[in-house]
Structures are given as C-alpha cells and as structure tokens.
Amino acid sequence: MLSRLDRYFLREVAQTCLAVIGVLLLILMSSQLARVLGMAAQYEFPGKVVLSLLWLMTLQQLTVLIPIGLFLGIVLSLGRLYHDSEITAMTACGMRPMNIFRPVMLLALLTACGLAVLSFRVVPWANAAAQDLRAEALRSAQFGALEPGRFRSFAGGNAVFYAERVSKGGQLHGVFARYRHKDRLELAVAERAEQRGAGQAEQEFVLFDGRRYEGVPGEPGWRVMEFAEHGIPVTLPELKSSKVRIQSRPTASLLDRETGEERAELAWRTAVPVMALVLGLLAVPLSKLRPRQGRFARIGVAILVYFIYSNVVAAVEVWMEKDAPGGRFGMWWVHGLMLIVALWLIWRDEHPVRRWRRGARERG
C-alpha cells in the first residue's frame with residue numbers, strides 16, 4: 001500500500017510528466033502536420049488520409065517522446081519540491097530521502113510496461129499501416145478518376161487524358177487523349193467519354209463522337225479517322241508498396257535474429273522500456289538542488305545526460321545493424337553504464353564525501 005506521502009509524490013510527478021509529454025507531442029504533431037500536408041498537396045490526398053497518417057505517425061514517435069517526457073517530468077517536479085523546501089520539511093519530519101524512489105520507480109515501471117506494449121506491438125503495426133495507407137493513397141491519386149481541367153498521365157506518361165468538365169453521372173465532356181505505343185502516337189478528341197475501371201490497374205477510356213489522329217511524329221502519312229465510339233485500354237503497372245521496412249515487421253519475426261538489421265531492431269524495441277526504468281532511477285539524484293539554487297538549474301544537465309544516453313544507444317543500433325565491432329555486445333552495456341552512474345549518484349547523496357572527510361578530520 002502506498003502511503004499518503006507516496007501518493008503525493010506520485011501525483012506531482014505524474015502530472016508534470018503528462019504536461020511535458022503533452023508539450024512535446026504538440027511540437028511533434030505540428031512538425032508532422034507540415035510534412036503530411038506537403039505530401040497531401042503533392043499527391044492530393046483526401047482529408048481522411050491526412051488525419052489517419054498524422055495519427056499513425058504520432059504513434060510511431062511515442063516511444064521517443066515518452067522516455068524523455070518521463071525523465072524531464074521527474075527532474076522538474078522534484079526540482080520544484082526541492083526549491084520550495086518541501087522535501088527539506090519532509091526530511092525534517094523523519095522521511096528518508098530514499099523514500100522518494102518508491103513512487104517514482106512505480107511510475108517508471110508503469111511507464112515501461114506501457115512502452116513495452118507500444119514498442120513491441122503498436123509501433124510496428126502503426127509503421128505497417130502508415131506504409132499501406134500511403135501506398136493506397138498514391139494509387140488512388142495516380143489511378144483514380146479523371147478531374148476536369150487537369151491533364152492526367154497514366155502508365156508512366158504513355159497515356160495522357162484531359163476533360164473540360166465532368167457531369168454528375170461521371171461522364172467526361174470535351175475530351176483530349178494522347179496514347180503512345182512504341183514509336184507511334186495516337187491523338188484523339190471527342191465530345192464525351194467514359195472512364196471505366198477508375199482506381200484499378202486495368203482501365204479503359206471509351207470516347208464517343210470524335211476524331212483520331214495516328215502516326216509517327218516527324219514523318220508523313222498520318223491517318224485521320226472519325227469515330228462514333230473508340231476504346232483506349234490502359235494497363236497500369238501495379239503500384240506496389242515499397243519494401244517492407246524492418247520497423248514494420250512484427251516482433252515475433254525478429255526473434256531468430258538472423259541478420260544484423262534484425263538484431264538491431266529487436267535491441268532497439270527492447271531498449272525503449274529499459275531506458276524508461278534507467279532514466280527514472282537516474283532522474284531522482286539529478287533533480288536534487290542545493291540551497292538557493294533555481295528550480296530549473298538541473299534541466300540543462302538532464303537534457304545533456306539524455307542526449308548522451310540516447311545517442312550512444314542510436315550509435316550502437318547502427319553498429320549492430322552493420323555488424324560492426326562496436327555492436328558485438330549489444331545495447332546492454334550502455335544501459336548498464338548508465339545504471340552504474342545512477343547508483344553512484346544515489347550512493348554519493350547518501351554518503352556525502354564532505355561528511356566522510358569531516359569525520360576523518362575529527363577522528364584525527
């Protein structure tokens with residue numbers, strides 16, 4: 001059972017962590033929104049696709065945001081309690097400084113469990129879903145229905161169509177078509193036309209009441225024909241999604257760890273919840289302030305520590321992916337090194353060097 005003091009610490013730390021994560025999430029979403037809107041403007045994605053992509057891309061970044069949000073939230077909340085002398089008053093009333101670790105590590109443990117679910121299950125699914133959604137949106141943009149007043153190319157530019165307007169029933173009016181087959185060029189104009197199979201790889205444009213010009217550019221002997229109905233089949237190359245990224249693969253498929261890329265991805269997914277636990281432990285001694293020290297005095301140090309930790313983890317991931325000597329021992333040594341630093345800081349706070357030296361002088 002948690003004591004009233006534990007619940008107080010837990011509430012203060014959790015609220016600050018949520019606030020920090022919320023701010024970081026807003027910054028990330030604004031950046032992601034600009035990226036998605038740029039893609040949508042280029043390929044004319046509908047609004048529903050834009051929102052779905054924004055949501056999926058945000059899910060992918062939560063494994064990066066939550067650990068740093070937890071770390072900074074603990075440092076900020078405990079820093080405020082030190083600055084306002086609340087912890088000093090609690091210590092004077094009999095609370096041991098080590099009691100702070102219980103609610104903080106409980107929060108870190110709960111966060112690590114949530115990150116494990118995100119890292120092993122949700123983020124790979126979000127990666128795969130975003131990849132499929134982008135491929136489907138690109139397919140609809142390239143293979144979809146013809147829009148009035150715009151030239152639309154199909155089949156790698158071999159077929160180009162234009163319509164002045166489109167009726168409510170989907171019939172095209174004032175149609176121009178150009179179709180290239182090897183060296184021969186076919187031009188056609190028609191009063192009206194129909195696009196059959198819009199959105200599919202096998203389409204056909206059926207033109208009515210028009211004229212067709214056929215020949216080789218730069219050579220005489222062009223044929224001119226009038227027609228009542230003329231069909232132009234268009235076989236579009238299948239728009240396949242790009243190669244399945246390693247980040248999109250289910251965790252179970254990485255357990256064999258046959259390649260360096262698979263080992264690196266599995267190590268990264270495992271590192272995310274472990275980092276939350278180590279950072280939670282490290283944040284407590286880092287948040288301790290000296291008398292008259294500003295409440296934000298340790299934020300710079302905390303950011304520097306996280307920067308070093310995360311960058312070393314990222315470097316080891318690259319080394320593992322490339323089977324370099326630096327990745328031979330995996331990422332555990334990085335977590336172990338930061339854990340040793342955290343334990344040393346905790347030991348230093350519990351056994352101050354000055355106190356030991358003062359006692360030595362008194363004994364001398």
# chains A, B, ... in the order shown; residues from 1 in each chain; ligands from 1
>>> select_by_dssp(residues="segment 113-239 of chain A", states="strand (DSSP E)", output="PyMOL selection string")
chain A and resi 152-154+159-166+172-181+184-196+202-215+223-235
>>> residues_around(residues="Glu194 of chain A", least_positions_apart="6", cutoff="9 Å", atoms="only C-alpha atoms", output="PyMOL selection string")
chain A and resi 170-173+204-208
>>> write_last_selection(atoms="N, CA and C atoms", output="tab-separated table (two decimals), in the first residue's frame")
chain	number	residue	atom	x	y	z
A	170	GLY	N	-20.65	11.30	-63.91
A	170	GLY	CA	-19.28	10.84	-64.11
A	170	GLY	C	-18.85	10.82	-65.56
A	171	GLN	N	-19.67	11.32	-66.48
A	171	GLN	CA	-19.31	11.32	-67.90
A	171	GLN	C	-18.43	12.52	-68.20
A	172	LEU	N	-17.40	12.30	-69.02
A	172	LEU	CA	-16.43	13.33	-69.37
A	172	LEU	C	-16.88	14.05	-70.64
A	173	HIS	N	-16.64	15.36	-70.68
A	173	HIS	CA	-17.01	16.16	-71.84
A	173	HIS	C	-15.82	17.00	-72.27
A	204	GLU	N	-10.14	1.49	-68.97
A	204	GLU	CA	-10.45	1.74	-70.38
A	204	GLU	C	-11.18	3.07	-70.49
A	205	PHE	N	-10.71	3.89	-71.41
A	205	PHE	CA	-11.37	5.14	-71.74
A	205	PHE	C	-12.14	4.94	-73.04
A	206	VAL	N	-13.43	5.11	-72.96
A	206	VAL	CA	-14.28	4.94	-74.13
A	206	VAL	C	-14.73	6.32	-74.59
A	207	LEU	N	-14.30	6.70	-75.81
A	207	LEU	CA	-14.59	8.01	-76.36
A	207	LEU	C	-15.75	7.90	-77.36
A	208	PHE	N	-16.61	8.91	-77.38
A	208	PHE	CA	-17.77	8.92	-78.27
A	208	PHE	C	-17.75	10.19	-79.13
>>> closest_residue(among="A:Leu26, A:Leu5, A:Leu187, A:Val13", to="Asn99 of chain A", atoms="only C-alpha atoms")
A:Leu5
>>> select_by_dssp(residues="segment 146-288 of chain A", states="helix (DSSP H, G or I)", output="ChimeraX atom specification")
/A:155-157,246-248,251-254,260-286
>>> closest_residue(among="A:Ala228, A:Ala190, A:Val278, A:Val316", to="Phe329 of chain A", atoms="only C-alpha atoms")
A:Val316
>>> closest_residue(among="A:Arg7, A:His230, A:His335, A:Arg348", to="Pro285 of chain A", atoms="only C-alpha atoms")
A:Arg348
>>> atom_distance(atom1="atom CA of Leu345 of chain A", atom2="atom CA of Ile308 of chain A")
16.9 Å
>>> closest_residue(among="A:Val122, A:Val334, A:Ala188, A:Leu279", to="Gln247 of chain A", atoms="only C-alpha atoms")
A:Val122
>>> residues_around(residues="Ala126 of chain A", least_positions_apart="6", cutoff="8 Å", atoms="only C-alpha atoms", output="list in words")
Leu56, Met57, Leu59, Gln60 and Ser248 of chain A
>>> residues_around(residues="Ala19 of chain A", least_positions_apart="5", cutoff="9 Å", atoms="only C-alpha atoms", output="ChimeraX atom specification")
/A:14,24,69,73
>>> write_last_selection(atoms="C-alpha atoms", output="CSV table (one decimal), in the first residue's frame")
chain,number,residue,atom,x,y,z
A,14,ALA,CA,2.8,12.1,-12.9
A,24,LEU,CA,6.5,17.6,-26.7
A,69,GLY,CA,9.0,13.3,-21.1
A,73,GLY,CA,9.0,15.5,-15.7
>>> closest_residue(among="A:Glu262, A:Val50, A:Ser119, A:Glu321", to="Gly38 of chain A", atoms="only C-alpha atoms")
A:Val50
>>> decode(residues="segment 93-216 of chain A", atoms="C-alpha atoms", output="PDB file, in the first residue's frame")
ATOM      1  CA  CYS A  93       9.792  15.255   9.876  1.00  0.00           C
ATOM      2  CA  GLY A  94      11.505  11.888   9.544  1.00  0.00           C
ATOM      3  CA  MET A  95      11.224  10.991   5.871  1.00  0.00           C
ATOM      4  CA  ARG A  96      14.315   9.321   4.470  1.00  0.00           C
ATOM      5  CA  PRO A  97      15.469  10.620   1.052  1.00  0.00           C
ATOM      6  CA  MET A  98      15.358   7.042  -0.258  1.00  0.00           C
ATOM      7  CA  ASN A  99      11.559   7.080   0.204  1.00  0.00           C
ATOM      8  CA  ILE A 100      11.303   9.275  -2.881  1.00  0.00           C
ATOM      9  CA  PHE A 101      12.346   6.345  -5.063  1.00  0.00           C
ATOM     10  CA  ARG A 102       9.277   4.220  -4.302  1.00  0.00           C
ATOM     11  CA  PRO A 103       6.596   6.350  -6.028  1.00  0.00           C
ATOM     12  CA  VAL A 104       8.992   7.493  -8.760  1.00  0.00           C
ATOM     13  CA  MET A 105      10.057   3.967  -9.686  1.00  0.00           C
ATOM     14  CA  LEU A 106       6.445   2.808  -9.546  1.00  0.00           C
ATOM     15  CA  LEU A 107       5.602   5.425 -12.162  1.00  0.00           C
ATOM     16  CA  ALA A 108       8.692   4.454 -14.181  1.00  0.00           C
ATOM     17  CA  LEU A 109       7.682   0.778 -14.031  1.00  0.00           C
ATOM     18  CA  LEU A 110       4.137   1.510 -15.214  1.00  0.00           C
ATOM     19  CA  THR A 111       5.540   3.684 -17.992  1.00  0.00           C
ATOM     20  CA  ALA A 112       7.993   0.962 -19.003  1.00  0.00           C
ATOM     21  CA  CYS A 113       5.136  -1.567 -19.269  1.00  0.00           C
ATOM     22  CA  GLY A 114       3.186   0.806 -21.497  1.00  0.00           C
ATOM     23  CA  LEU A 115       6.284   1.450 -23.603  1.00  0.00           C
ATOM     24  CA  ALA A 116       6.849  -2.283 -23.988  1.00  0.00           C
ATOM     25  CA  VAL A 117       3.362  -2.644 -25.473  1.00  0.00           C
ATOM     26  CA  LEU A 118       3.976   0.331 -27.749  1.00  0.00           C
ATOM     27  CA  SER A 119       7.438  -0.791 -28.815  1.00  0.00           C
ATOM     28  CA  PHE A 120       6.687  -4.471 -29.407  1.00  0.00           C
ATOM     29  CA  ARG A 121       3.117  -4.282 -30.747  1.00  0.00           C
ATOM     30  CA  VAL A 122       1.660  -0.856 -31.507  1.00  0.00           C
ATOM     31  CA  VAL A 123       4.541   0.920 -33.259  1.00  0.00           C
ATOM     32  CA  PRO A 124       5.282  -1.912 -35.753  1.00  0.00           C
ATOM     33  CA  TRP A 125       1.569  -2.038 -36.572  1.00  0.00           C
ATOM     34  CA  ALA A 126       1.464   1.760 -36.988  1.00  0.00           C
ATOM     35  CA  ASN A 127       4.513   1.639 -39.278  1.00  0.00           C
ATOM     36  CA  ALA A 128       2.923  -1.032 -41.463  1.00  0.00           C
ATOM     37  CA  ALA A 129      -0.470   0.712 -41.502  1.00  0.00           C
ATOM     38  CA  ALA A 130       1.080   4.064 -42.471  1.00  0.00           C
ATOM     39  CA  GLN A 131       3.093   2.410 -45.241  1.00  0.00           C
ATOM     40  CA  ASP A 132      -0.015   0.699 -46.656  1.00  0.00           C
ATOM     41  CA  LEU A 133      -2.099   3.853 -46.328  1.00  0.00           C
ATOM     42  CA  ARG A 134       0.462   5.940 -48.200  1.00  0.00           C
ATOM     43  CA  ALA A 135       0.672   3.320 -50.966  1.00  0.00           C
ATOM     44  CA  GLU A 136      -3.124   3.162 -51.288  1.00  0.00           C
ATOM     45  CA  ALA A 137      -3.443   6.953 -51.322  1.00  0.00           C
ATOM     46  CA  LEU A 138      -0.760   7.199 -54.007  1.00  0.00           C
ATOM     47  CA  ARG A 139      -2.578   4.559 -56.024  1.00  0.00           C
ATOM     48  CA  SER A 140      -5.871   6.452 -55.779  1.00  0.00           C
ATOM     49  CA  ALA A 141      -4.135   9.696 -56.725  1.00  0.00           C
ATOM     50  CA  GLN A 142      -2.413   8.187 -59.758  1.00  0.00           C
ATOM     51  CA  PHE A 143      -5.047   5.723 -60.938  1.00  0.00           C
ATOM     52  CA  GLY A 144      -8.213   7.469 -59.766  1.00  0.00           C
ATOM     53  CA  ALA A 145     -10.973   9.227 -61.642  1.00  0.00           C
ATOM     54  CA  LEU A 146     -10.093  11.996 -64.093  1.00  0.00           C
ATOM     55  CA  GLU A 147     -10.642  15.526 -62.806  1.00  0.00           C
ATOM     56  CA  PRO A 148     -11.915  18.341 -65.047  1.00  0.00           C
ATOM     57  CA  GLY A 149      -9.490  20.967 -66.268  1.00  0.00           C
ATOM     58  CA  ARG A 150      -6.372  18.959 -65.473  1.00  0.00           C
ATOM     59  CA  PHE A 151      -4.101  16.771 -67.568  1.00  0.00           C
ATOM     60  CA  ARG A 152      -3.665  13.313 -66.053  1.00  0.00           C
ATOM     61  CA  SER A 153      -0.922  10.960 -67.157  1.00  0.00           C
ATOM     62  CA  PHE A 154      -1.126   7.192 -66.795  1.00  0.00           C
ATOM     63  CA  ALA A 155       1.183   4.252 -67.428  1.00  0.00           C
ATOM     64  CA  GLY A 156       4.386   6.178 -66.894  1.00  0.00           C
ATOM     65  CA  GLY A 157       3.315   9.041 -69.168  1.00  0.00           C
ATOM     66  CA  ASN A 158       2.434   6.860 -72.173  1.00  0.00           C
ATOM     67  CA  ALA A 159      -1.204   7.869 -71.835  1.00  0.00           C
ATOM     68  CA  VAL A 160      -2.401  11.431 -71.184  1.00  0.00           C
ATOM     69  CA  PHE A 161      -6.060  12.449 -70.842  1.00  0.00           C
ATOM     70  CA  TYR A 162      -7.848  15.749 -70.387  1.00  0.00           C
ATOM     71  CA  ALA A 163     -11.501  16.653 -69.909  1.00  0.00           C
ATOM     72  CA  GLU A 164     -13.055  20.116 -69.839  1.00  0.00           C
ATOM     73  CA  ARG A 165     -15.798  19.107 -67.445  1.00  0.00           C
ATOM     74  CA  VAL A 166     -17.345  16.098 -65.747  1.00  0.00           C
ATOM     75  CA  SER A 167     -21.097  15.625 -65.397  1.00  0.00           C
ATOM     76  CA  LYS A 168     -22.768  14.478 -62.187  1.00  0.00           C
ATOM     77  CA  GLY A 169     -23.066  10.985 -63.647  1.00  0.00           C
ATOM     78  CA  GLY A 170     -19.284  10.836 -64.114  1.00  0.00           C
ATOM     79  CA  GLN A 171     -19.314  11.315 -67.902  1.00  0.00           C
ATOM     80  CA  LEU A 172     -16.432  13.334 -69.365  1.00  0.00           C
ATOM     81  CA  HIS A 173     -17.014  16.160 -71.843  1.00  0.00           C
ATOM     82  CA  GLY A 174     -14.587  17.934 -74.169  1.00  0.00           C
ATOM     83  CA  VAL A 175     -12.027  15.133 -74.045  1.00  0.00           C
ATOM     84  CA  PHE A 176      -8.475  15.066 -75.366  1.00  0.00           C
ATOM     85  CA  ALA A 177      -6.398  11.871 -75.292  1.00  0.00           C
ATOM     86  CA  ARG A 178      -2.839  11.048 -76.253  1.00  0.00           C
ATOM     87  CA  TYR A 179      -1.588   7.489 -76.285  1.00  0.00           C
ATOM     88  CA  ARG A 180       1.907   6.367 -77.253  1.00  0.00           C
ATOM     89  CA  HIS A 181       2.625   2.818 -78.365  1.00  0.00           C
ATOM     90  CA  LYS A 182       6.333   2.343 -79.088  1.00  0.00           C
ATOM     91  CA  ASP A 183       7.096   4.886 -81.860  1.00  0.00           C
ATOM     92  CA  ARG A 184       3.518   5.532 -82.870  1.00  0.00           C
ATOM     93  CA  LEU A 185       1.449   8.331 -81.392  1.00  0.00           C
ATOM     94  CA  GLU A 186      -2.316   8.405 -81.209  1.00  0.00           C
ATOM     95  CA  LEU A 187      -4.222  11.626 -80.569  1.00  0.00           C
ATOM     96  CA  ALA A 188      -7.966  11.737 -80.112  1.00  0.00           C
ATOM     97  CA  VAL A 189     -10.570  14.406 -79.397  1.00  0.00           C
ATOM     98  CA  ALA A 190     -14.160  13.591 -78.536  1.00  0.00           C
ATOM     99  CA  GLU A 191     -17.351  15.265 -77.439  1.00  0.00           C
ATOM    100  CA  ARG A 192     -17.740  12.936 -74.479  1.00  0.00           C
ATOM    101  CA  ALA A 193     -16.121   9.872 -72.902  1.00  0.00           C
ATOM    102  CA  GLU A 194     -16.342   7.412 -70.031  1.00  0.00           C
ATOM    103  CA  GLN A 195     -13.594   6.215 -67.739  1.00  0.00           C
ATOM    104  CA  ARG A 196     -14.236   2.588 -66.876  1.00  0.00           C
ATOM    105  CA  GLY A 197     -12.385   0.888 -64.029  1.00  0.00           C
ATOM    106  CA  ALA A 198     -11.200   4.072 -62.290  1.00  0.00           C
ATOM    107  CA  GLY A 199      -8.828   3.250 -59.458  1.00  0.00           C
ATOM    108  CA  GLN A 200      -7.870  -0.133 -60.946  1.00  0.00           C
ATOM    109  CA  ALA A 201      -4.782  -1.246 -62.818  1.00  0.00           C
ATOM    110  CA  GLU A 202      -6.896  -2.276 -65.844  1.00  0.00           C
ATOM    111  CA  GLN A 203      -8.804   0.745 -67.152  1.00  0.00           C
ATOM    112  CA  GLU A 204     -10.454   1.743 -70.381  1.00  0.00           C
ATOM    113  CA  PHE A 205     -11.373   5.137 -71.736  1.00  0.00           C
ATOM    114  CA  VAL A 206     -14.282   4.941 -74.131  1.00  0.00           C
ATOM    115  CA  LEU A 207     -14.588   8.013 -76.364  1.00  0.00           C
ATOM    116  CA  PHE A 208     -17.767   8.921 -78.274  1.00  0.00           C
ATOM    117  CA  ASP A 209     -18.283  11.096 -81.371  1.00  0.00           C
ATOM    118  CA  GLY A 210     -14.744  12.189 -82.036  1.00  0.00           C
ATOM    119  CA  ARG A 211     -11.740  12.156 -84.309  1.00  0.00           C
ATOM    120  CA  ARG A 212      -8.489  10.227 -84.066  1.00  0.00           C
ATOM    121  CA  TYR A 213      -5.033  11.094 -85.449  1.00  0.00           C
ATOM    122  CA  GLU A 214      -2.458   8.306 -85.685  1.00  0.00           C
ATOM    123  CA  GLY A 215       1.131   8.306 -86.919  1.00  0.00           C
ATOM    124  CA  VAL A 216       4.827   8.655 -86.129  1.00  0.00           C
TER     125      VAL A 216
END
